[in-house]
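These notes are about the structure you will find just below.
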Amino acid sequence: MDDYPEHEARRYNPAAIEPKWQQRWLDGDLYQVENDDPRDTRYVLSMYPYPSGPAHIGHVRNYTFGDLLVRYHTMQGKAVLSPIGFDSFGLPAENAAIKSGEHPRPFTDARIEELTTSLRRMGAVYDNRRTIKSHDPSYMYWNQKFFIDFWNNDLIYRTTAPVNWCPGCQTVLANEQVVDGRCERSDDPVERRDLEQWFCRITNYAQELLDELDDLEWPDRVKVMQRNWIGRSEGAEFGLPIADTDGNPQTDVEPLTVYTTRPDTSFGMTFAVMSPEHPRVDELTTDEQRPLVEAFRQEVANKSEIDRLSTEGAIEKRGVFTGGRVINPFNNKPIPVYLADYVLMTYGTGAIMAVPGEDQRDWDFAEAYGLDIIRTVQPPDDFEGEAYTGDGPAINSEWLNGLEMAEAKAKAIEWLEKRDLGEAKVNYRLRDWLFARQRFWGCPIPMIYCDAGCGRHGIVPAPESDLPIVAPDDVEFQPSGESPLLHHEGFLNTTCPECGGPAKRETDTMDTFVDSAWYFLRFCDPWSDEVPFATAAAEKFMPVDQYIGGIEHAILHLMYARFFTKALADLGYAPKDLREPFKRLFTQGMVRMGGSKMSKSKGNTVSPEEYVDAHGADSLRLAILQAKPPAEDVDFEDFQLEGCERFLNRVWRLAATDSDFITGVRHGDPTESDREIEGDTHRLIDRVTGEYERWAYNTAVAAFMEFTNSLYKYVQADQGPHGPTLDFAIDSLLQLMAPAVPHITAELWAMGHEGEHIHERSWPVADPSKLTVSTVTMVLQVNGKVRDRVEVDVDISDDEAESLALASERIQAQLDGAAPRKVIVRAPKLVNVVA
RNA sequence: GCCCGGGUGGCGGAAUGGCAGACGCGGCGGAUUCAAAAUCCGCUGUCCGAAAGGGCGUGUGGGUUCGACUCCCACCCCGGGCACCA
């Protein structure tokens with residue numbers, strides 16, 4: 001039988017209190033914000049989660065940081081916009097559907113339900129009225145509306161292009177989704193296919209996407225990744241006249257255009273290289289070389305992306321001579337034209353001038369094929385490498401000789417422009433966004449192919465009255481992974497909105513990154529039917545003040561979301577001056593499982609759900625906050641769950657009104673030690689507020705523990721605690737902890753304050769006059785080594801400090817009779833005696 | 001190869017030019033208990049020493065400084081990103 005019935009009520013029992021408070025937050029309106037709320041706003045947003053079932057530990061870490069901020073800013077008196085939604089289209093649901101034969105919708109809805117419940121059990125609070133889901137037709141409506149608008153404004157186009165095809169996923173992939181030649185999702189080797197596809201002109205915004213990075217409060221590494229991805233380069237584009245068999249320029253033939261970032265080295269151009277896919281290869285190839293060229297092009301076409309990108313393999317096998325020649329316009333000399341697999345048709349002009357003296361790839365190629373190498377930049381005397389890519393005076397370059405790189409570049413470009421041969425040119429590595437996928441579980445592309453050829457390229461947008469186009473329910477999933485829409489006659493067949501004749505619907509769906517490219521705007525006003533969001537609502541809340549998510553989205557999602565925001569502003573949906581969606585970005589580290597082996601004893605086989613069942617959400621949240629600075633990766637086994645639970649128990653014993661820990665308190669005038677605790681409390685408020693502001697949650701938790709340890713000593717001291725001092729200390733501690741561990745603090749507060757709700761309290765403010773201490777420990781050093789310490793008044797003078805130091809026995813022992821050479825005084829912190 | 005991070009006790013980490021190791025985990029000792037768990041209190045970088053005290057100590061080597069985990073130079077190791085982009 002239970003031996004301690006009377007203790008049962010006193011013990012900290014998270015299972016009893018957490019669901020109660022979660023229900024209260026769900027039913028209440030504390031975390032709901034109205035669009036006409038007069039308070040100052042804060043928009044705190046965690047990245048749109050893919051609903052994969054109950055929260056895993058990575059989710060919990062992410063949403064704990066977000067929830068802490070939401071609660072903190074709410075206590076600071078802000079109108080905090082804290083919505084959540086679900087990135088609910090995508091492959092996992094579709095793959096489950098292919099396996100089970102069932103429609104992905106019920107599967108997805110069930111996963112959303114699980115994740116919602118799971119996050120609620122972690123104590124996370126949201127404005128639940130604003131929740132959105134990608135697969136909700138009212139959200140799809142706007143995706144489709146935007147698509148048509150983009151099409152009408154030439155931001156969407158359709159073209160044949162070599163695309164990345166993933167045979168496993170049976171769909172095309174965006175460049176960004178190909179990692180080392182493999183599919184980011186399935187890891188299958190990606191094939192190249194020429195297919196007609198939907199593209200979005202994100203490159204229209206390349207320069208703006210680059211420039212506006214500067215003003216964002218984002219981690220530098222994310223900005224660097226974005227800059228690299230955009231890959232701006234400055235150079236020149238110019239024509240190389242095609243040579244006839246005698247090596248003279250053919251004036252009636254269009255020259256071969258090349259792009260280079262080093263026009264200053266043009267005199268060192270000893271050959272040219274074209275991409276094997278270049279449309280003019282046939283024209284430049286001589287009959288003699290044609291069989292070799294054809295074989296080479298065939299070989300490259302069959303090569304997987306992996307092989308082609310690999311730097312392995314002899315360079316001799318990676319190119320072929322076309323037999324053709326072009327003229328270097330700088331010195332009018334004919335040079336041979338080669339093909340090489342590493343020259344890409346998708347960058348620049350698909351053809352390059354080769355300057356082996358200043359480019360290592362060209363150097364290697366020249367050596368392999370016995371081509372001339374001419375240096376046009378003087379390397380430094382101690383240079384030992386092959387190609388020299390550094391700065392230096394131009395040589396072997398006629399009228400450029402002696403100029404440094406920058407000057408020579410400018411002069412070469414000027415020379416080209418004057419002769420109408422070429423011009424300065426900026427290139428970007430960023431490509432247009434491959435917008436569609438051959439999948440079922442996504443937002444259908446609302447376009448119609450008219451058999452009679454109406455519209456632009458025979459393509460007509462679906463009439464607005466038909467939107468949203470929603471995929472049918474009666475579909476059969478193919479084991480091949482093919483989209484069932486391809487075989488659904490009812491969906492496929494339609495009539496042309498322009499001529500009324502027979503027409504076919506597009507069966508492709510949008511990349512799911514489209515869904516997450518503007519959801520944060522919809523959160524501002526998810527109720528509107530007439531507009532995707534009221535401009536005024538976006539003006540009120542945007543940009544997101546604090547965006548929180550994983551580093552894995554550093555390029556894809558963030559680039560697309562930035563692009564969408566700019567495009568929607570330019571199309572008049574979003575405020576015109578809203579150029580960037582996320583003012584501050586925080587990328588939290590990942591939670592690694594099993595840095596070393598998993599073991600039951602360490603508790604690391606436990607899921608967040610199981611842990612919460614047994615120990616409560618608050619100690620899990622606290623352990624997450626305490627473990628490491630939020631930006632760093634953490635091993636699950638490093639969470640100090642037992643220590644955190646023990647600490648919450650200590651707080652409970654201290655603060656619970658029915659606890660037997662505090663047996664009596666003093667009243668009347670406070671003593672010296674009371675004033676010390678009061679000062680500690682003010683300093684705690686000051687410290688924790690600052691640490692919350694700068695994401696130093698791990699040290700904030702340390703501060704709670706330190707302070708609690710002091711309070712324990714204080715309460716147990718002979719004189720006992722002073723009532724008002726103790727109340728102030730405990731109240732402040734609970735308020736400061738409330739954003740981190742919301743349930744236990746709410747329960748303890750309600751217990752001591754007649755049912756009041758701690759999260760509706762305002763944030764405590766430290767009294768600046770009580771932050772300072774009256775005495776401090778001053779350190780006495782000899783030659784920078786600590787030899788003694790003395791308690792001194794904070795406002796001790798430098799002279800007094802110095803004489804105290806020189807009077808110290810330990811200092812004198814160190815000096816051993818010698819006179820100090822110098823004394824450095826930093827009163828009241830330290831005195832350093834230099835012997 | 002280039003660009004970012006990072007390297008501190010047995011472990012996670014703290015300290016942004018001024019007491020290295022806060023806080024937690026683990027360990028050791030004590031109190032309480034018939035006993036244990038829980039709880040409370042104390043100790044816990046390392047070496048020498050009975051102690052007082054002292055030597056050594058923040059990846060390595062140099063430098064700046066009265067004073068360096070912290071700033072500068074060179075290097076080593078770990079993690080991440082980029083890498084035929086002309």
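Ordered as shown in the structure tokens, chains take letters A, B, and onward, while each chain numbers its residues from 1 and ligands are numbered from 1 in the order shown.
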
Return as JSON lines the residues of chain B lying at most 6 Å from chain A, together with the closest atom-to-atom pair for each and the distance in Å to one decimal, counting only C-alpha atoms (C1' of nucleotides), with rows in chain order and ascending residue number.
{"residue": "B:G12", "atom": "C1'", "partner": "A:Asp638", "partner_atom": "CA", "distance": 5.7}
{"residue": "B:C23", "atom": "C1'", "partner": "A:Ala702", "partner_atom": "CA", "distance": 4.3}
{"residue": "B:G67", "atom": "C1'", "partner": "A:Gly784", "partner_atom": "CA", "distance": 4.9}
{"residue": "B:C84", "atom": "C1'", "partner": "A:Tyr342", "partner_atom": "CA", "distance": 5.7}
{"residue": "B:A86", "atom": "C1'", "partner": "A:Thr260", "partner_atom": "CA", "distance": 5.7}

Requested in this report: Find the residues around A:Gly490 up to 12 Å (only C-alpha atoms (C1' of nucleotides) counted), leave out those fewer than 5 positions away in its own chain, and share them as a VMD selection string.
Outcome: chain A and resid 471 to 475 484 to 485 495 504 to 505 507

Report task. Would you kindly return, as a list in words, each protein, DNA or RNA residue with an atom no farther than 8 Å from any atom of A:Pro393, considering only C-alpha atoms (C1' of nucleotides) and excluding same-chain residues fewer than 6 positions away? Result ->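 Non-adjacent residues within range: Val377, Gln378, Asn401, Gly402, Leu403, Glu404 and Met405 of chain A.
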
Query raised in the report: Looking only at the backbone, which of the residues in stretch 698-777 of chain A does DSSP tag as strand (DSSP E or B), as a PyMOL selection string?
Result: chain A and resi 722+775-777

Kindly save the residues from that selection, with N, CA and C atoms included, as a PDB file, in the first residue's frame.
ATOM      1  N   HIS A 722      13.595  35.512   4.999  1.00  0.00           N
ATOM      2  CA  HIS A 722      12.764  36.694   5.215  1.00  0.00           C
ATOM      3  C   HIS A 722      11.606  36.620   4.214  1.00  0.00           C
ATOM      4  N   THR A 775      30.514  44.997  -1.967  1.00  0.00           N
ATOM      5  CA  THR A 775      31.907  44.536  -1.883  1.00  0.00           C
ATOM      6  C   THR A 775      32.163  43.467  -2.927  1.00  0.00           C
ATOM      7  N   VAL A 776      33.406  43.411  -3.369  1.00  0.00           N
ATOM      8  CA  VAL A 776      33.792  42.385  -4.341  1.00  0.00           C
ATOM      9  C   VAL A 776      35.121  41.785  -3.918  1.00  0.00           C
ATOM     10  N   THR A 777      35.427  40.644  -4.511  1.00  0.00           N
ATOM     11  CA  THR A 777      36.723  40.025  -4.280  1.00  0.00           C
ATOM     12  C   THR A 777      37.707  40.615  -5.271  1.00  0.00           C
TER      13      THR A 777
END

**Report entry** Atom pair atom CA of A:Ala462 / atom CA of A:Tyr139: separation (Å)
**Finding:**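 Separation of atom CA of A:Ala462 and atom CA of A:Tyr139: 16.8 Å.
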
Query raised in the report: Which parts of stretch 740-805 of chain A does DSSP call alpha helix (DSSP H) when run on the backbone here, written out as JSON, numbers by chain?
Result: {"A": [742, 743, 744, 745, 746, 747, 748, 749, 750, 751, 752, 798, 799, 800, 801, 802, 803, 804, 805]}

Query raised in the report: atom C1' of B:C82 to atom CA of A:Asp180: how many Å, to one decimal?
Result: 11.9 Å

Query raised in the report: So which one's closest to A:Ala408, A:Tyr388, A:Phe267, A:Phe477, A:Trp695? Using only C-alpha atoms, please.
Result: A:Phe267

Query raised in the report: For B:C25, which residue out of A:Glu476, A:Arg121, A:Arg646, A:Trp441 is the nearest one, using only C-alpha atoms (C1' of nucleotides)?
Result: A:Arg646

Requested in this report: List the neighbours of stretch 47-59 of chain B out to 8 Å using only C-alpha atoms (C1' of nucleotides); skip same-chain residues closer than 2 positions along the sequence, and give me the result as a VMD selection string.
Outcome: chain B and resid 7 to 8 20 45 69 76 to 77

How about saving the chosen residues, N, CA and C atoms (P, O5', C5', C4', C3', O3' and C1' of nucleotides) kept, as an mmCIF file, in the first residue's frame?
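Okay, this is what ended up in selection_27.cif:
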data_model
loop_
_atom_site.group_PDB
_atom_site.id
_atom_site.type_symbol
_atom_site.label_atom_id
_atom_site.label_comp_id
_atom_site.auth_asym_id
_atom_site.auth_seq_id
_atom_site.Cartn_x
_atom_site.Cartn_y
_atom_site.Cartn_z
ATOM 1 P P G B 7 36.316 25.642 -29.370
ATOM 2 O "O5'" G B 7 37.156 24.298 -29.487
ATOM 3 C "C5'" G B 7 36.610 23.081 -28.982
ATOM 4 C "C4'" G B 7 37.606 21.953 -29.212
ATOM 5 C "C3'" G B 7 38.793 21.970 -28.265
ATOM 6 O "O3'" G B 7 39.036 20.665 -27.759
ATOM 7 C "C1'" G B 7 39.528 21.962 -30.533
ATOM 8 P P U B 8 38.350 20.264 -26.385
ATOM 9 O "O5'" U B 8 38.842 21.395 -25.385
ATOM 10 C "C5'" U B 8 40.209 21.455 -24.986
ATOM 11 C "C4'" U B 8 40.310 22.200 -23.692
ATOM 12 C "C3'" U B 8 39.651 21.512 -22.504
ATOM 13 O "O3'" U B 8 40.562 20.580 -21.935
ATOM 14 C "C1'" U B 8 39.012 23.793 -22.547
ATOM 15 P P A B 20 43.216 32.312 -12.637
ATOM 16 O "O5'" A B 20 42.446 31.507 -13.760
ATOM 17 C "C5'" A B 20 41.696 30.374 -13.390
ATOM 18 C "C4'" A B 20 40.529 30.252 -14.323
ATOM 19 C "C3'" A B 20 39.623 29.083 -13.994
ATOM 20 O "O3'" A B 20 38.622 29.514 -13.100
ATOM 21 C "C1'" A B 20 40.240 29.002 -16.272
ATOM 22 P P G B 45 39.038 19.946 -8.981
ATOM 23 O "O5'" G B 45 39.746 19.550 -10.349
ATOM 24 C "C5'" G B 45 39.058 18.752 -11.309
ATOM 25 C "C4'" G B 45 39.996 18.464 -12.444
ATOM 26 C "C3'" G B 45 41.302 17.807 -12.027
ATOM 27 O "O3'" G B 45 41.162 16.401 -11.945
ATOM 28 C "C1'" G B 45 41.754 19.650 -13.437
ATOM 29 P P C B 69 45.377 31.997 -21.125
ATOM 30 O "O5'" C B 69 44.241 31.157 -21.850
ATOM 31 C "C5'" C B 69 44.567 30.280 -22.911
ATOM 32 C "C4'" C B 69 43.364 30.007 -23.760
ATOM 33 C "C3'" C B 69 42.963 31.161 -24.665
ATOM 34 O "O3'" C B 69 43.717 31.152 -25.850
ATOM 35 C "C1'" C B 69 41.059 30.232 -23.596
ATOM 36 P P C B 76 49.330 21.745 -41.707
ATOM 37 O "O5'" C B 76 48.996 20.932 -40.376
ATOM 38 C "C5'" C B 76 49.859 19.898 -39.924
ATOM 39 C "C4'" C B 76 49.301 19.287 -38.665
ATOM 40 C "C3'" C B 76 47.867 18.779 -38.782
ATOM 41 O "O3'" C B 76 47.806 17.490 -39.360
ATOM 42 C "C1'" C B 76 48.076 20.055 -36.813
ATOM 43 P P C B 77 46.514 17.097 -40.233
ATOM 44 O "O5'" C B 77 45.394 16.862 -39.127
ATOM 45 C "C5'" C B 77 45.498 15.775 -38.212
ATOM 46 C "C4'" C B 77 44.444 15.921 -37.132
ATOM 47 C "C3'" C B 77 43.009 15.983 -37.633
ATOM 48 O "O3'" C B 77 42.473 14.704 -37.917
ATOM 49 C "C1'" C B 77 43.353 17.686 -36.040
#

Query raised in the report: What gap, in Å, lies between atom CA of A:His557 and atom CA of A:Asn62?
Result: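 So the two atoms, atom CA of A:His557 and atom CA of A:Asn62, lie 16.7 Å apart.
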
Query - All residues 12 Å or closer to stretch 159-167 of chain A, only C-alpha atoms (C1' of nucleotides), same chain fewer than 2 positions away omitted, as a PyMOL selection string - result: chain A and resi 156-157+169-179+181-201+277+301+304-306+344-346+431-439+457+480-482

Requested in this report: Determine, counting only C-alpha atoms (C1' of nucleotides), which protein, DNA and RNA residues have an atom within 10 Å of an atom of stretch 757-774 of chain A; residues of the same chain fewer than 3 positions away are not included. Present the result as JSON, numbers by chain.
Outcome: {"A": [21, 25, 30, 31, 71, 72, 73, 74, 75, 76, 77, 675, 676, 678, 679, 680, 681, 682, 683, 684, 685, 686, 687, 689, 731, 732, 733, 734, 735, 736, 738, 739, 742, 743, 745, 746, 747, 748, 749, 750, 751, 753, 754, 792, 793, 794, 795]}
